[in-house]
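S.K.: If it helps, the file is called coords11.tsv and holds TSV, C-alpha atoms:
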chain	number	residue	atom	x	y	z
O	19	MET	CA	-34.39	17.45	50.12
O	20	ALA	CA	-36.19	15.23	47.64
O	21	ARG	CA	-39.23	17.61	47.71
O	22	ALA	CA	-37.11	20.75	47.38
O	23	LEU	CA	-34.90	19.52	44.59
O	24	GLY	CA	-37.03	16.88	42.95
O	25	ILE	CA	-36.39	13.14	42.94
O	26	PRO	CA	-33.87	13.08	40.03
O	27	GLU	CA	-31.84	16.00	41.42
O	28	ALA	CA	-31.80	14.57	44.93
O	29	ALA	CA	-30.82	11.14	43.63
O	30	ARG	CA	-28.01	12.66	41.59
O	31	MET	CA	-26.68	14.58	44.62
O	32	ILE	CA	-26.79	11.42	46.73
O	33	GLY	CA	-25.01	9.53	43.95
O	34	TRP	CA	-22.26	12.16	43.81
O	35	ALA	CA	-21.90	12.08	47.59
O	36	ILE	CA	-21.49	8.29	47.56
O	37	PHE	CA	-18.99	8.51	44.70
O	38	ALA	CA	-16.97	11.21	46.48
O	39	ILE	CA	-16.82	9.21	49.72
O	40	MET	CA	-15.72	6.06	47.90
O	41	ALA	CA	-13.09	7.98	45.94
O	42	LEU	CA	-11.66	9.57	49.09
O	43	VAL	CA	-11.57	6.22	50.88
O	44	ILE	CA	-9.81	4.50	47.95
O	45	PHE	CA	-7.32	7.34	47.51
O	46	GLY	CA	-6.65	7.55	51.24
O	47	LEU	CA	-6.06	3.80	51.61
O	48	LEU	CA	-3.64	3.73	48.68
O	49	ALA	CA	-1.77	6.79	49.92
O	50	TRP	CA	-1.50	5.59	53.51
O	51	SER	CA	-1.37	1.78	53.50
O	52	ALA	CA	0.20	1.12	50.09
O	53	ARG	CA	2.43	4.22	50.44
O	54	LEU	CA	2.49	4.85	46.71
O	55	GLY	CA	4.66	7.61	45.33
O	56	LYS	CA	3.28	10.82	43.86
O	57	PRO	CA	3.36	9.61	40.21
O	58	ALA	CA	1.46	6.44	41.09
O	59	LEU	CA	-1.11	8.42	43.08
O	60	MET	CA	-1.55	10.71	40.08
O	61	LEU	CA	-2.42	7.65	37.97
O	62	VAL	CA	-4.99	6.58	40.55
O	63	ALA	CA	-6.40	10.11	40.58
O	64	ALA	CA	-6.60	10.03	36.78
O	65	ALA	CA	-8.56	6.78	36.89
O	66	LEU	CA	-10.99	8.25	39.46
O	67	PHE	CA	-11.35	11.36	37.33
O	68	ILE	CA	-12.27	9.27	34.29
O	69	ALA	CA	-14.81	7.36	36.37
O	70	ALA	CA	-16.30	10.66	37.57
O	71	ALA	CA	-16.49	11.97	34.01
O	72	GLY	CA	-18.29	8.81	32.92
O	73	TYR	CA	-20.79	9.17	35.78
O	74	ALA	CA	-21.41	12.82	34.95
O	75	TRP	CA	-21.96	11.94	31.30
O	76	GLN	CA	-24.15	8.84	31.58
O	77	GLY	CA	-25.17	8.49	35.23
O	78	GLU	CA	-28.93	8.55	35.81
O	79	PRO	CA	-29.53	7.56	39.45
O	80	GLY	CA	-33.13	8.78	39.26
O	81	LEU	CA	-34.15	6.18	36.69
O	82	ALA	CA	-36.10	3.14	37.78
O	83	GLY	CA	-34.05	0.05	38.43
O	84	ALA	CA	-33.95	-2.87	36.06
O	85	PRO	CA	-32.94	-6.51	36.56
O	86	ALA	CA	-29.25	-7.03	35.94
O	87	ALA	CA	-30.03	-9.92	33.61
O	88	ASP	CA	-31.71	-7.49	31.17
O	89	LYS	CA	-28.47	-5.55	30.67
O	90	PRO	CA	-25.51	-7.89	30.81
O	91	GLN	CA	-22.17	-6.08	30.92
O	92	GLU	CA	-19.53	-8.17	29.24
O	93	MET	CA	-15.89	-7.34	29.70
O	94	ALA	CA	-13.48	-7.61	26.80
O	95	PRO	CA	-11.08	-10.56	27.02
O	96	ASP	CA	-7.43	-9.96	27.77
O	97	THR	CA	-5.15	-9.53	24.80
O	98	LEU	CA	-2.07	-11.66	24.17
O	99	PHE	CA	-0.11	-8.61	25.26
O	100	ALA	CA	-1.79	-8.64	28.68
O	101	SER	CA	-0.49	-12.14	29.44
O	102	GLU	CA	2.90	-11.78	27.78
O	103	ARG	CA	3.72	-8.49	29.46
O	104	MET	CA	3.51	-10.21	32.82
O	105	ARG	CA	6.39	-12.42	31.71
O	106	PHE	CA	8.63	-9.96	29.93
O	107	LEU	CA	7.80	-6.43	31.12
O	108	ASN	CA	8.02	-4.78	34.49
O	109	HIS	CA	4.82	-5.37	36.48
O	110	TYR	CA	5.94	-3.75	39.73
O	111	GLY	CA	6.03	-0.17	40.93
O	112	GLU	CA	4.69	2.77	38.97
O	113	THR	CA	5.29	1.11	35.59
O	114	GLY	CA	3.37	-1.98	36.63
O	115	ILE	CA	0.50	0.13	37.99
O	116	ALA	CA	0.25	2.07	34.73
O	117	LEU	CA	0.31	-1.06	32.55
O	118	GLY	CA	-2.15	-2.89	34.79
O	119	THR	CA	-4.54	0.06	34.86
O	120	ALA	CA	-4.35	0.33	31.06
O	121	ASP	CA	-5.25	-3.37	30.79
O	122	ALA	CA	-8.21	-2.81	33.13
O	123	PHE	CA	-9.45	0.08	30.99
O	124	HIS	CA	-9.31	-2.21	27.93
O	125	ARG	CA	-11.36	-4.89	29.67
O	126	PHE	CA	-14.09	-2.30	30.28
O	127	GLY	CA	-13.96	-1.08	26.68
O	128	GLU	CA	-12.16	2.18	27.51
O	129	ASP	CA	-9.36	1.83	24.96
O	130	GLU	CA	-8.94	5.58	24.49
O	131	ALA	CA	-8.44	6.01	28.23
O	132	SER	CA	-5.89	3.18	28.16
O	133	ALA	CA	-3.80	4.92	25.50
O	134	TRP	CA	-4.24	8.30	27.18
O	135	LEU	CA	-3.02	7.00	30.53
O	136	LEU	CA	0.13	5.42	29.07
O	137	ARG	CA	0.89	8.47	26.95
O	138	ASN	CA	0.82	10.66	30.06
O	139	ALA	CA	2.94	8.16	31.98
O	140	ILE	CA	5.53	8.32	29.18
O	141	ALA	CA	5.55	12.12	29.41
O	142	LYS	CA	6.76	11.74	33.00
O	143	ARG	CA	9.20	8.88	32.26
O	144	PRO	CA	10.17	9.10	28.58
O	145	ALA	CA	13.05	6.62	28.95
O	146	ASP	CA	10.79	3.84	30.27
O	147	VAL	CA	10.86	1.25	27.48
O	148	ASP	CA	8.12	-0.90	28.99
O	149	LEU	CA	5.71	2.03	29.06
O	150	ARG	CA	6.51	2.79	25.43
O	151	VAL	CA	5.87	-0.83	24.43
O	152	GLY	CA	2.57	-0.76	26.31
O	153	TYR	CA	1.60	2.50	24.63
O	154	ALA	CA	2.39	1.08	21.18
O	155	HIS	CA	0.12	-1.87	21.88
O	156	ALA	CA	-2.62	0.39	23.30
O	157	LEU	CA	-2.58	2.32	20.01
O	158	PHE	CA	-2.72	-1.02	18.18
O	159	VAL	CA	-5.85	-2.03	20.10
O	160	LEU	CA	-7.37	1.41	19.56
O	161	ALA	CA	-6.77	0.97	15.82
O	162	ARG	CA	-8.79	-2.28	15.91
O	163	SER	CA	-5.75	-4.56	15.73
O	164	ARG	CA	-4.12	-2.83	12.78
O	165	MET	CA	-0.46	-1.87	12.42
O	166	THR	CA	-1.11	1.75	11.54
O	167	PRO	CA	1.68	4.32	11.02
O	168	ALA	CA	1.07	5.60	14.56
O	169	VAL	CA	1.52	2.09	15.99
O	170	ILE	CA	4.69	1.48	13.97
O	171	LEU	CA	6.10	4.86	15.05
O	172	ALA	CA	5.41	4.05	18.70
O	173	PHE	CA	7.26	0.72	18.40
O	174	ASP	CA	10.13	2.49	16.59
O	175	ARG	CA	10.43	4.96	19.46
O	176	ALA	CA	10.48	2.11	21.95
O	177	ASP	CA	13.30	0.55	19.91
O	178	ARG	CA	15.31	3.77	20.01
O	179	VAL	CA	14.96	4.10	23.79
O	180	ALA	CA	15.72	0.45	24.56
O	181	ARG	CA	19.21	-0.78	25.34
O	182	PRO	CA	20.81	-3.01	22.69
O	183	ASP	CA	20.33	-6.06	24.93
O	184	ASN	CA	16.61	-5.41	25.49
O	185	PRO	CA	14.57	-7.38	22.91
O	186	ALA	CA	11.15	-6.40	24.29
O	187	PRO	CA	10.19	-3.84	21.59
O	188	ALA	CA	10.99	-6.26	18.77
O	189	TYR	CA	9.26	-9.14	20.51
O	190	PHE	CA	6.04	-7.24	21.16
O	191	ARG	CA	6.06	-5.78	17.66
O	192	GLY	CA	6.00	-9.36	16.37
O	193	LEU	CA	3.30	-10.25	18.87
O	194	ALA	CA	1.13	-7.39	17.60
O	195	CYS	CA	1.57	-8.70	14.05
O	196	LEU	CA	0.44	-12.11	15.29
O	197	GLU	CA	-2.63	-10.59	16.96
O	198	ALA	CA	-3.43	-8.87	13.66
O	199	GLY	CA	-3.24	-12.20	11.82
O	200	ASP	CA	-0.11	-11.10	9.93
O	201	PHE	CA	1.98	-14.28	10.17
O	202	ASP	CA	4.56	-12.99	7.69
O	203	GLY	CA	5.11	-9.83	9.73
O	204	ALA	CA	5.39	-11.78	12.97
O	205	ASN	CA	7.80	-14.25	11.40
O	206	GLN	CA	9.97	-11.46	9.98
O	207	ALA	CA	10.12	-9.55	13.29
O	208	TRP	CA	10.85	-12.61	15.40
O	209	ARG	CA	13.42	-14.14	13.06
O	210	ALA	CA	15.30	-10.85	12.91
O	211	LEU	CA	15.22	-10.72	16.70
O	212	ARG	CA	16.39	-14.32	17.01
O	213	ALA	CA	19.26	-13.75	14.58
O	214	GLY	CA	20.53	-10.78	16.56
O	215	LEU	CA	20.57	-12.45	19.98
O	216	PRO	CA	24.03	-12.97	21.49
O	217	SER	CA	25.19	-16.45	22.38
O	218	GLY	CA	23.90	-17.53	25.78
O	219	SER	CA	20.95	-15.12	25.81
O	220	PRO	CA	17.95	-16.47	27.77
O	221	TRP	CA	15.77	-15.17	24.94
O	222	ILE	CA	17.12	-17.81	22.53
O	223	ALA	CA	14.98	-20.59	23.99
O	224	ILE	CA	12.00	-18.24	24.23
O	225	MET	CA	12.24	-17.20	20.59
O	226	ASP	CA	12.79	-20.76	19.37
O	227	ALA	CA	9.59	-21.79	21.15
O	228	ARG	CA	7.66	-18.81	19.79
O	229	LEU	CA	8.85	-19.42	16.23
O	230	GLU	CA	7.84	-23.07	16.49
O	231	LEU	CA	4.39	-22.06	17.74
O	232	LEU	CA	4.11	-19.48	14.98
O	233	GLY	CA	4.88	-22.18	12.41
O	234	LEU	CA	2.09	-24.36	13.80
O	235	LEU	CA	-0.39	-21.49	13.75
O	236	ARG	CA	0.61	-20.64	10.20
O	237	GLN	CA	0.18	-24.25	9.11
O	238	ARG	CA	-3.25	-24.40	10.73
O	239	ALA	CA	-4.32	-21.19	8.96
O	240	GLU	CA	-3.14	-22.55	5.59
O	241	GLN	CA	-5.16	-25.71	6.16
O	242	GLY	CA	-8.32	-23.67	6.66
O	243	GLY	CA	-8.42	-23.37	10.44
O	244	ALA	CA	-9.01	-20.02	12.06
O	245	PRO	CA	-5.84	-18.49	13.49
O	246	THR	CA	-5.59	-18.37	17.26
O	247	ARG	CA	-5.89	-14.75	18.32
Step by step, read the file and then write its structure as structure tokens.

M.R.:
Amino acid sequence: MARALGIPEAARMIGWAIFAIMALVIFGLLAWSARLGKPALMLVAAALFIAAAGYAWQGEPGLAGAPAADKPQEMAPDTLFASERMRFLNHYGETGIALGTADAFHRFGEDEASAWLLRNAIAKRPADVDLRVGYAHALFVLARSRMTPAVILAFDRADRVARPDNPAPAYFRGLACLEAGDFDGANQAWRALRAGLPSGSPWIAIMDARLELLGLLRQRAEQGGAPTR
């Protein structure tokens, strides 16, 4: 085969065969052992499709190998959102899979794919507030940590979908402001949220702690220290 097709072509065909086998094994295991629903399997299929597109675009199996140390592949660090969503947003079922996959895309520098995945998940479940919050933050990351009109609109839509007793959109809007280094915006969003909480809400203690931390970060920034991102 290598003589008939040439080394690069044969290597590419072998690479595609290996990729296809791995994709089928992964998809089959998730469908059978994990027993994921159709929407979740569609997300997995989307991730495999993106991986295949990346291989078709940049894959060169015929090239000579090189030591791994010559080309270090660094993953992006998790955002504040990635850690906070595990506390305050749904991380189970199809919503959790979508949010977790979007975080994984970000770590590999695929921020457009992250936003695309969540946008398509919202199209299937438009009333899912957690997905809308995740999408707003994905747009924020894609905009290089700036609160653009598109990011603000996405948070506004999450607010409109959320129940009155769900403070997640307001909380994560403030968190995005904090990630952007906008202490005034974070303070405004969180104080408005704190003021609107009903008596006895479990979020009261959470917001008091966050506002105290925000005050310390703000004081540190005013004294010349770099803000914690």

S.K.: Out of O:Leu160, O:Glu112, O:Val147, O:Ala198, which residue has the shortest atom-to-atom distance to O:Ser132 when counting only C-alpha atoms?

M.R.: O:Leu160

S.K.: Mind giving me the straight-line distance from atom CA of O:Ala141 to atom CA of O:Pro187 in Å, one decimal?

M.R.: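 Between atom CA of O:Ala141 and atom CA of O:Pro187 the gap works out to 18.4 Å.
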
S.K.: Kindly give the distance, in Å, that separates atom CA of O:Gly203 and atom CA of O:Ile224, rounded to a single decimal.

M.R.: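 Taking atom CA of O:Gly203 and atom CA of O:Ile224, their separation equals 18.1 Å.
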
S.K.: Please report, as CSV, each residue of stretch 143-220 of chain O lying at most 10 Å from stretch 226-236 of chain O, together with the nearest pair of atoms and the separation in Å rounded to one decimal; use only C-alpha atoms, and order rows by chain and ascending residue number.

M.R.:
residue,atom,partner,partner_atom,distance
O:Tyr189,CA,O:Arg228,CA,9.8
O:Leu193,CA,O:Arg228,CA,9.7
O:Leu196,CA,O:Leu232,CA,8.2
O:Gly199,CA,O:Arg236,CA,9.4
O:Asp200,CA,O:Arg236,CA,9.6
O:Phe201,CA,O:Arg236,CA,6.5
O:Asp202,CA,O:Arg236,CA,9.0
O:Ala204,CA,O:Leu232,CA,8.1
O:Asn205,CA,O:Leu229,CA,7.2
O:Trp208,CA,O:Leu229,CA,7.1
O:Arg209,CA,O:Leu229,CA,7.7
O:Arg212,CA,O:Asp226,CA,7.7

S.K.: Would you compute the distance between atom CA of O:Pro216 and atom CA of O:Leu98? Give it in Å to one decimal.

M.R.: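 Answer for the atom CA of O:Pro216 to atom CA of O:Leu98 separation: 26.3 Å.
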
S.K.: Neighbouring residues of O:Arg175 were defined as those with any atom within 12 Å, considering all atoms listed in the file; residues of the same chain fewer than 5 positions away were excluded. Please report them as a ChimeraX atom specification.

M.R.: /O:140,144-154,168-170,180,187-188,191
